[in-house]
file input-v4.cif (mmCIF, C-alpha atoms)
data_final
loop_
_atom_site.label_atom_id
_atom_site.label_comp_id
_atom_site.auth_asym_id
_atom_site.auth_seq_id
_atom_site.Cartn_x
_atom_site.Cartn_y
_atom_site.Cartn_z
CA GLU L 25 90.46 -94.33 43.46
CA GLY L 26 88.24 -95.03 46.50
CA GLY L 27 85.47 -92.59 45.53
CA GLN L 28 83.81 -91.09 42.47
CA SER L 29 81.68 -88.04 42.05
CA SER L 30 77.92 -88.37 42.03
CA SER L 31 77.78 -87.53 38.33
CA GLN L 32 80.23 -90.30 37.51
CA GLY L 33 78.17 -92.71 39.58
CA ALA L 34 75.03 -91.77 37.63
CA GLU L 35 76.74 -92.21 34.26
CA ALA L 36 77.85 -95.67 35.25
CA GLU L 37 74.28 -96.94 35.62
CA GLU L 38 73.08 -99.50 33.09
CA PRO L 39 69.48 -100.05 32.04
CA GLY L 40 67.77 -102.48 34.37
CA SER L 41 69.93 -101.68 37.40
CA LEU L 42 68.33 -100.88 40.74
CA ALA L 43 69.28 -97.24 40.52
CA ALA L 44 68.00 -96.97 36.95
CA LYS L 45 64.68 -98.58 37.91
CA GLY L 46 64.37 -96.14 40.77
CA ALA L 47 64.92 -93.20 38.43
CA GLU L 48 62.23 -94.48 36.04
CA SER L 49 59.63 -94.93 38.79
CA SER L 50 58.52 -92.97 41.83
CA GLY L 51 61.26 -94.62 43.86
CA ILE L 52 63.23 -93.36 46.82
CA ASN L 53 65.98 -90.82 46.25
CA LEU L 54 68.93 -90.76 48.65
CA VAL L 55 72.04 -88.67 49.09
CA ALA L 56 74.99 -90.57 50.55
CA LYS L 57 77.88 -88.55 52.00
CA TRP L 58 81.34 -90.09 52.29
CA ASN L 59 84.82 -88.63 52.42
CA ARG L 60 83.61 -85.11 51.54
CA LYS L 61 81.79 -86.46 48.48
CA SER L 62 78.05 -86.75 47.84
CA PHE L 63 76.42 -89.52 45.81
CA SER L 64 72.86 -89.21 44.50
CA LEU L 65 71.15 -92.60 44.59
CA SER L 66 67.71 -93.76 43.45
CA PHE L 67 66.10 -97.06 44.39
CA PRO L 68 62.67 -98.63 44.18
CA ALA L 69 60.84 -98.65 47.49
CA GLU L 70 61.26 -102.41 47.82
CA ALA L 71 65.06 -102.21 47.60
CA THR L 72 66.91 -103.35 50.71
CA VAL L 73 69.63 -101.79 52.82
CA GLY L 74 71.91 -104.57 51.58
CA GLN L 75 71.41 -103.37 48.01
CA VAL L 76 72.26 -99.83 49.08
CA ARG L 77 75.49 -101.16 50.57
CA GLU L 78 76.31 -102.96 47.33
CA LYS L 79 75.84 -99.75 45.37
CA LEU L 80 78.03 -97.84 47.81
CA GLN L 81 80.71 -100.49 47.39
CA GLU L 82 80.68 -99.87 43.62
CA LEU L 83 81.12 -96.14 44.15
CA THR L 84 83.63 -96.13 47.01
CA GLU L 85 85.28 -99.57 47.07
CA VAL L 86 84.31 -99.86 50.74
CA LEU L 87 83.13 -103.40 51.45
CA PRO L 88 79.61 -103.70 52.94
CA LYS L 89 81.06 -105.18 56.13
CA ARG L 90 83.21 -102.04 56.53
CA GLN L 91 80.33 -99.62 56.03
CA LYS L 92 78.74 -97.77 58.94
CA LEU L 93 75.56 -96.09 57.80
CA ILE L 94 74.64 -93.09 59.96
CA GLY L 95 71.21 -91.57 59.57
CA LEU L 96 69.67 -94.20 57.29
CA GLY L 97 66.76 -94.89 59.59
CA LYS L 98 66.27 -94.34 63.31
CA LYS L 99 69.05 -96.74 64.30
CA PRO L 100 72.63 -96.87 62.95
CA ASN L 101 73.43 -99.70 60.57
CA PRO L 102 69.93 -101.03 59.85
CA GLU L 103 69.77 -104.72 58.93
CA ASP L 104 70.54 -105.60 55.32
CA GLU L 105 67.12 -107.24 54.89
CA MET L 106 65.25 -104.06 55.82
CA THR L 107 63.53 -102.38 52.88
CA LEU L 108 63.81 -98.66 52.24
CA GLU L 109 60.03 -98.41 52.31
CA ASN L 110 59.94 -99.74 55.88
CA LEU L 111 62.55 -97.19 56.97
CA LYS L 112 59.98 -94.43 56.20
CA LEU L 113 62.53 -92.06 54.72
CA LYS L 114 61.76 -88.54 53.57
CA ALA L 115 62.26 -87.39 49.99
CA ASN L 116 65.93 -86.86 49.07
CA HIS L 117 66.96 -88.29 52.43
CA SER L 118 70.61 -87.68 53.32
CA PHE L 119 72.78 -90.04 55.33
CA MET L 120 76.46 -90.58 55.98
CA MET L 121 78.56 -93.62 55.23
CA VAL L 122 81.78 -94.12 57.18
CA GLY L 123 84.20 -96.79 56.08
CA THR L 124 87.64 -97.48 54.65
CA PRO L 125 88.42 -99.09 51.28
CA GLU L 126 90.10 -102.44 51.74
CA GLU L 127 93.40 -101.31 50.26
CA LYS L 128 93.55 -98.44 52.78
CA ILE L 129 92.51 -100.46 55.81
CA LEU L 130 94.74 -100.43 58.88
CA VAL L 131 95.37 -103.50 61.02
CA GLU L 132 92.35 -104.06 63.24
CA ALA L 133 92.61 -104.76 66.94
CA SER L 134 91.13 -108.23 66.37
CA GLN L 135 94.15 -109.10 64.21
CA LEU L 136 96.63 -108.30 66.94
CA SER L 137 97.75 -111.00 69.36
CA ASP L 138 96.76 -110.78 73.03
CA LEU L 139 93.64 -108.72 72.33
CA PRO L 140 90.07 -109.94 72.77
CA ASP L 141 87.76 -110.03 69.74
CA VAL L 142 85.51 -107.43 71.35
CA ILE L 143 87.33 -104.57 73.04
CA ASN L 144 85.56 -103.39 76.19
CA ASP L 145 87.32 -100.56 77.98
CA LEU L 146 85.53 -101.40 81.22
CA ASP L 147 86.87 -104.97 81.03
CA TRP L 148 90.54 -104.10 80.63
CA ASP L 149 91.18 -100.57 81.74
CA TYR L 150 94.76 -99.43 82.24
CA ASP L 151 96.25 -99.98 85.70
CA PRO L 152 97.90 -96.68 86.78
CA SER L 153 99.98 -98.51 89.38
CA GLU L 154 102.07 -99.80 86.46
CA GLN L 155 102.62 -96.30 85.09
CA ASP L 156 106.43 -96.40 85.06
CA GLU L 157 106.78 -99.71 83.24
CA ALA L 158 105.58 -98.71 79.77
CA ARG L 159 107.36 -95.37 79.92
CA SER L 160 110.75 -96.80 80.92
CA ASN L 161 110.65 -99.93 78.76
CA ALA L 162 113.66 -99.90 76.38
CA GLU L 163 111.67 -101.22 73.41
CA ASN L 164 109.00 -98.59 73.90
CA ARG L 165 111.62 -95.86 74.09
CA LEU L 166 113.01 -97.00 70.75
CA LYS L 167 109.52 -96.88 69.24
CA LEU L 168 109.09 -93.38 70.60
CA GLU L 169 112.41 -92.25 69.16
CA GLU L 170 111.40 -93.67 65.77
CA LYS L 171 108.12 -91.71 65.84
CA ILE L 172 109.96 -88.53 66.81
CA ARG L 173 112.32 -89.08 63.89
CA THR L 174 109.71 -89.90 61.25
CA VAL L 175 106.54 -87.99 62.20
CA SER L 176 106.16 -84.48 60.87
CA ILE L 177 103.59 -82.27 62.60
CA ARG L 178 101.90 -79.67 60.43
CA THR L 179 100.40 -76.81 62.38
CA ILE L 180 96.99 -75.41 61.46
CA SER L 181 97.31 -72.49 63.89
CA GLU L 182 100.60 -71.38 65.41
CA PRO L 183 101.18 -72.03 69.13
CA ARG L 184 100.33 -68.98 71.22
CA PRO L 185 102.85 -67.70 73.77
CA GLY L 186 101.98 -68.53 77.35
CA LYS L 187 99.20 -71.00 76.55
CA LYS L 188 99.04 -74.51 77.97
CA LEU L 189 98.27 -77.56 75.82
CA LEU L 190 95.01 -79.53 75.77
CA VAL L 191 95.15 -82.82 73.82
CA LEU L 192 91.69 -84.21 73.05
CA ASP L 193 90.59 -87.56 71.70
CA LEU L 194 87.74 -87.49 69.14
CA ASP L 195 85.59 -90.65 68.95
CA TYR L 196 83.51 -91.09 72.12
CA THR L 197 85.24 -88.07 73.70
CA LEU L 198 83.92 -85.24 71.53
CA LEU L 199 81.81 -87.35 69.17
CA ASP L 200 78.95 -89.80 69.75
CA PHE L 201 80.03 -92.19 67.01
CA LYS L 202 77.12 -94.59 67.64
CA GLY L 203 74.45 -91.95 67.24
CA THR L 204 71.72 -92.04 64.62
CA GLU L 205 71.84 -88.46 63.35
CA SER L 206 72.62 -88.07 59.65
CA ARG L 207 74.66 -84.89 60.25
CA MET L 208 77.97 -85.34 62.04
CA GLU L 209 77.52 -81.90 63.62
CA ASN L 210 74.54 -83.26 65.60
CA LEU L 211 76.62 -86.13 67.01
CA LYS L 212 78.89 -83.85 69.04
CA ARG L 213 78.99 -84.18 72.80
CA PRO L 214 76.54 -81.70 74.35
CA PHE L 215 78.09 -78.26 74.81
CA CYS L 216 81.16 -79.35 72.82
CA ASP L 217 81.61 -75.95 71.16
CA ALA L 218 81.12 -74.10 74.45
CA PHE L 219 83.71 -76.34 76.11
CA LEU L 220 86.26 -75.81 73.33
CA THR L 221 85.62 -72.05 73.35
CA ALA L 222 86.17 -71.83 77.12
CA CYS L 223 89.33 -73.97 76.97
CA TYR L 224 90.75 -71.97 74.08
CA ALA L 225 91.15 -68.94 76.33
CA HIS L 226 93.80 -70.83 78.29
CA TYR L 227 94.95 -73.74 76.10
CA ASP L 228 96.15 -74.45 72.61
CA ILE L 229 93.96 -77.33 71.42
CA VAL L 230 95.20 -80.47 69.67
CA ILE L 231 93.01 -83.33 68.40
CA TRP L 232 94.61 -86.79 68.52
CA SER L 233 92.47 -89.65 67.24
CA GLN L 234 93.10 -93.35 66.73
CA THR L 235 91.97 -93.26 63.12
CA SER L 236 93.53 -92.30 59.81
CA TRP L 237 93.79 -88.65 58.74
CA ARG L 238 91.53 -89.30 55.76
CA TRP L 239 88.54 -89.95 58.02
CA LEU L 240 89.66 -87.67 60.79
CA GLU L 241 89.55 -84.65 58.49
CA VAL L 242 86.06 -85.61 57.31
CA LYS L 243 84.74 -85.91 60.87
CA LEU L 244 86.27 -82.64 62.06
CA THR L 245 84.99 -80.77 59.01
CA GLU L 246 81.48 -82.21 59.31
CA MET L 247 81.46 -81.32 63.03
CA GLY L 248 82.44 -77.73 62.23
CA ILE L 249 85.47 -77.90 64.52
CA LEU L 250 88.14 -76.90 61.99
CA GLN L 251 86.31 -73.76 60.90
CA ASN L 252 84.76 -72.47 64.13
CA PRO L 253 85.48 -68.71 64.54
CA LYS L 254 85.52 -68.91 68.36
CA PHE L 255 88.50 -71.26 68.66
CA SER L 256 91.28 -72.76 66.57
CA ILE L 257 92.90 -76.17 66.44
CA THR L 258 96.68 -75.97 66.63
CA PHE L 259 97.27 -79.29 64.87
CA VAL L 260 95.77 -82.75 64.43
CA LEU L 261 97.44 -86.14 64.95
CA ASP L 262 96.12 -89.47 63.72
CA ARG L 263 96.91 -93.14 64.27
CA THR L 264 100.20 -92.95 62.39
CA SER L 265 101.64 -91.02 65.34
CA MET L 266 100.87 -93.85 67.76
CA PHE L 267 102.66 -97.12 68.49
CA SER L 268 101.90 -100.31 70.41
CA VAL L 269 103.03 -101.23 73.92
CA LYS L 270 102.14 -103.89 76.47
CA SER L 271 100.60 -102.74 79.74
CA LYS L 272 99.05 -104.32 82.79
CA MET L 273 95.29 -103.87 82.84
CA SER L 274 92.93 -103.64 85.79
CA ASP L 275 92.12 -107.35 85.45
CA GLY L 276 95.81 -108.18 86.10
CA LYS L 277 96.56 -109.28 82.53
CA PHE L 278 99.13 -107.74 80.20
CA ARG L 279 97.74 -106.73 76.82
CA GLN L 280 99.11 -105.07 73.72
CA HIS L 281 97.53 -101.76 72.79
CA GLU L 282 98.37 -98.47 71.13
CA VAL L 283 99.35 -95.28 72.97
CA LYS L 284 99.46 -91.55 72.34
CA PRO L 285 102.96 -90.53 73.50
CA LEU L 286 102.93 -86.89 74.51
CA GLU L 287 106.73 -86.75 74.38
CA LEU L 288 106.36 -86.68 70.61
CA ILE L 289 104.70 -83.27 70.93
CA TRP L 290 107.04 -82.02 73.64
CA THR L 291 110.08 -82.87 71.52
CA LYS L 292 108.66 -81.21 68.42
CA PHE L 293 107.75 -78.04 70.36
CA PRO L 294 110.53 -77.57 72.94
CA ASN L 295 110.11 -74.79 75.50
CA ILE L 296 106.48 -74.41 74.39
CA TYR L 297 104.69 -77.58 75.47
CA THR L 298 106.01 -79.65 78.38
CA ALA L 299 104.94 -82.25 80.91
CA SER L 300 104.04 -79.46 83.32
CA ASN L 301 101.60 -77.62 81.02
CA THR L 302 99.87 -80.46 79.12
CA VAL L 303 96.53 -82.20 79.79
CA HIS L 304 95.36 -85.20 77.76
CA VAL L 305 91.60 -86.00 77.80
CA ASP L 306 90.52 -89.40 76.44
CA ASP L 307 87.81 -91.99 77.07
CA LEU L 308 90.45 -94.77 76.98
CA SER L 309 92.91 -94.53 79.87
CA ARG L 310 95.27 -97.01 78.21
CA ASN L 311 96.13 -94.23 75.74
CA PHE L 312 97.86 -92.50 78.70
CA ALA L 313 100.29 -95.40 79.32
CA MET L 314 103.40 -93.45 78.29
CA ASN L 315 102.32 -90.27 80.12
CA PRO L 316 99.82 -91.22 82.84
CA GLN L 317 100.30 -88.09 84.94
CA GLN L 318 98.91 -85.92 82.15
CA GLY L 319 95.91 -88.18 81.50
CA LEU L 320 92.34 -87.27 82.40
CA LYS L 321 89.80 -89.98 81.59
CA ILE L 322 86.33 -88.88 80.51
CA SER L 323 83.16 -90.98 80.33
CA PRO L 324 82.48 -92.03 76.72
CA CYS L 325 79.96 -89.98 74.77
CA LEU L 326 77.29 -92.54 73.87
CA PRO L 327 73.64 -92.35 72.78
CA PRO L 328 71.04 -92.62 75.55
CA PRO L 329 69.83 -96.19 76.25
#
call {"tool": "encode", "arguments": {"input": "input-v4.cif", "output": "structure tokens"}}
result
Amino acid sequence: EGGQSSSQGAEAEEPGSLAAKGAESSGINLVAKWNRKSFSLSFPAEATVGQVREKLQELTEVLPKRQKLIGLGKKPNPEDEMTLENLKLKANHSFMMVGTPEEKILVEASQLSDLPDVINDLDWDYDPSEQDEARSNAENRLKLEEKIRTVSIRTISEPRPGKKLLVLDLDYTLLDFKGTESRMENLKRPFCDAFLTACYAHYDIVIWSQTSWRWLEVKLTEMGILQNPKFSITFVLDRTSMFSVKSKMSDGKFRQHEVKPLELIWTKFPNIYTASNTVHVDDLSRNFAMNPQQGLKISPCLPPP
């Protein structure tokens, strides 16, 4: 499996290993959190971030290049050559590792044709003047029908009579994913809970993120969104509910990208959610390509410069 418990990780240590040396000396103790699991780690002060990554790979099967370390130092993803001593960490310092084991990895954007190596939303934003093309394209309609046929939506809270629907993206919409805080709860957009509480009075709330459910559940739990007593999430959709289309971008070029088709929800909840009572908030306007009239683009939630 991708992860082991902290006790299993400790039992696996051999004499002479970095972790064992750290335990024998006054080294640096760390607590790594990943996928709702905690791993207790001990290293000598001179150990490097790269060696921490190697240990995390042993425990989680997440390759070092896939690991995003949040809260291990003042900046996210400190350089591998940096020593733990230079990071000036407190005793029993906690940090979060986000990453996917290789066998679970989804196709990255860089592996898709017609996409640049570095995706910059400001460079190729969706052109709303082409709004009818993606929606009426026969191939896209077939993809939509396939998703309607195969995707099963599991409700967390039942739809409430008379409420409209608010569909929210997660990364960079509600969550500052580049932040340096070790606790996911502290990476939320300012006033996130107050916003969700105010919206809940009028809208059923759905989270739709372009990531896998495995990590989506972790993020939402760590942020305290799934268990907040002031509002409820009706259901959550992940990347498996999306499909790819080609759209004209603001630079005039056609590019392949994924979309969040709201018709999937409308079909699954007839006479409850419709085109006339749904709003979709996202930091990427290209996610609106199949339903541009419901889209409301928000500035990405990023750390201050």
call {"tool": "resolve_selection", "arguments": {"input": "input-v4.cif", "expression": "the PyMOL selection byres ((chain L and resi 308) around 9)", "output": "ChimeraX atom specification"}}
result
/L:145,149-150,193,305-307,309-312,321-324
call {"tool": "write_last_selection", "arguments": {"input": "input-v4.cif", "atoms": "C-alpha atoms", "output": "JSON list (two decimals), in the frame of the given file"}}
result
[["chain", "number", "residue", "atom", "x", "y", "z"],
["L", 145, "ASP", "CA", 87.32, -100.56, 77.98],
["L", 149, "ASP", "CA", 91.18, -100.57, 81.74],
["L", 150, "TYR", "CA", 94.76, -99.43, 82.24],
["L", 193, "ASP", "CA", 90.59, -87.56, 71.70],
["L", 305, "VAL", "CA", 91.60, -86.00, 77.80],
["L", 306, "ASP", "CA", 90.52, -89.40, 76.44],
["L", 307, "ASP", "CA", 87.81, -91.99, 77.07],
["L", 309, "SER", "CA", 92.91, -94.53, 79.87],
["L", 310, "ARG", "CA", 95.27, -97.01, 78.21],
["L", 311, "ASN", "CA", 96.13, -94.23, 75.74],
["L", 312, "PHE", "CA", 97.86, -92.50, 78.70],
["L", 321, "LYS", "CA", 89.80, -89.98, 81.59],
["L", 322, "ILE", "CA", 86.33, -88.88, 80.51],
["L", 323, "SER", "CA", 83.16, -90.98, 80.33],
["L", 324, "PRO", "CA", 82.48, -92.03, 76.72]]
call {"tool": "residues_around", "arguments": {"input": "input-v4.cif", "residues": "Asn161 in chain L", "least_positions_apart": "6", "cutoff": "10 Å", "atoms": "all atoms listed in the file", "output": "list in words"}}
result
Val269, Lys270 and Met314 of chain L
call {"tool": "atom_distance", "arguments": {"input": "input-v4.cif", "atom1": "CA of Thr264 in chain L", "atom2": "CA of His281 in chain L"}}
result
13.9 Å
call {"tool": "residues_around", "arguments": {"input": "input-v4.cif", "residues": "Arg213 in chain L", "least_positions_apart": "5", "cutoff": "8 Å", "atoms": "only C-alpha atoms", "output": "VMD selection string"}}
result
chain L and resid 197 to 200 325
call {"tool": "atom_distance", "arguments": {"input": "input-v4.cif", "atom1": "CA of Arg77 in chain L", "atom2": "CA of Lys89 in chain L"}}
result
8.8 Å
call {"tool": "closest_residue", "arguments": {"input": "input-v4.cif", "among": "L:Pro285, L:Pro214, L:Pro88, L:Pro68", "to": "Glu170 in chain L", "atoms": "only C-alpha atoms"}}
result
L:Pro285
call {"tool": "atom_distance", "arguments": {"input": "input-v4.cif", "atom1": "CA of Thr124 in chain L", "atom2": "CA of Ile52 in chain L"}}
result
26.0 Å
call {"tool": "closest_residue", "arguments": {"input": "input-v4.cif", "among": "L:Lys272, L:Arg60, L:Lys292, L:Lys284", "to": "Gly319 in chain L", "atoms": "all atoms listed in the file"}}
result
L:Lys284
call {"tool": "closest_residue", "arguments": {"input": "input-v4.cif", "among": "L:Leu326, L:Leu261, L:Ile172, L:Leu80", "to": "Glu287 in chain L", "atoms": "all atoms listed in the file"}}
result
L:Ile172
call {"tool": "closest_residue", "arguments": {"input": "input-v4.cif", "among": "L:Gln234, L:Asn301, L:Ser256, L:Ser118", "to": "Ile180 in chain L", "atoms": "only C-alpha atoms"}}
result
L:Ser256
call {"tool": "closest_residue", "arguments": {"input": "input-v4.cif", "among": "L:Arg184, L:Val175, L:Asp275, L:Gly248", "to": "Arg263 in chain L", "atoms": "only C-alpha atoms"}}
result
L:Val175
call {"tool": "resolve_selection", "arguments": {"input": "input-v4.cif", "expression": "the PyMOL selection byres ((chain L and resi 177) around 12)", "output": "count of residues only"}}
result
26
call {"tool": "closest_residue", "arguments": {"input": "input-v4.cif", "among": "L:Phe255, L:Lys187, L:Leu244, L:Ser62", "to": "Phe219 in chain L", "atoms": "only C-alpha atoms"}}
result
L:Phe255
call {"tool": "residues_near_point", "arguments": {"input": "input-v4.cif", "point": "(73.2, -100.2, 60.5)", "cutoff": "12 Å", "atoms": "all atoms listed in the file", "output": "VMD selection string"}}
result
chain L and resid 73 to 74 76 to 77 88 to 106 111 119 to 122 202 to 204
call {"tool": "axis_aligned_box", "arguments": {"input": "input-v4.cif", "around": "range 95-107 of chain L", "padding_each_side": "6 Å", "output": "lines of an AutoDock Vina configuration file"}}
result
center_x = 68.5
center_y = -99.4
center_z = 58.6
size_x = 21.9
size_y = 27.7
size_z = 23.4
call {"tool": "residues_around", "arguments": {"input": "input-v4.cif", "residues": "Gly51 in chain L", "least_positions_apart": "6", "cutoff": "9 Å", "atoms": "all atoms listed in the file", "output": "VMD selection string"}}
result
chain L and resid 45 66 to 70
call {"tool": "resolve_selection", "arguments": {"input": "input-v4.cif", "expression": "the PyMOL selection byres ((chain L and resi 55) around 8)", "output": "tab-separated table (two decimals) with C-alpha atoms, keeping the file's coordinate frame"}}
result
chain	number	residue	atom	x	y	z
L	53	ASN	CA	65.98	-90.82	46.25
L	54	LEU	CA	68.93	-90.76	48.65
L	56	ALA	CA	74.99	-90.57	50.55
L	57	LYS	CA	77.88	-88.55	52.00
L	62	SER	CA	78.05	-86.75	47.84
L	63	PHE	CA	76.42	-89.52	45.81
L	64	SER	CA	72.86	-89.21	44.50
L	65	LEU	CA	71.15	-92.60	44.59
L	116	ASN	CA	65.93	-86.86	49.07
L	117	HIS	CA	66.96	-88.29	52.43
L	118	SER	CA	70.61	-87.68	53.32
L	119	PHE	CA	72.78	-90.04	55.33
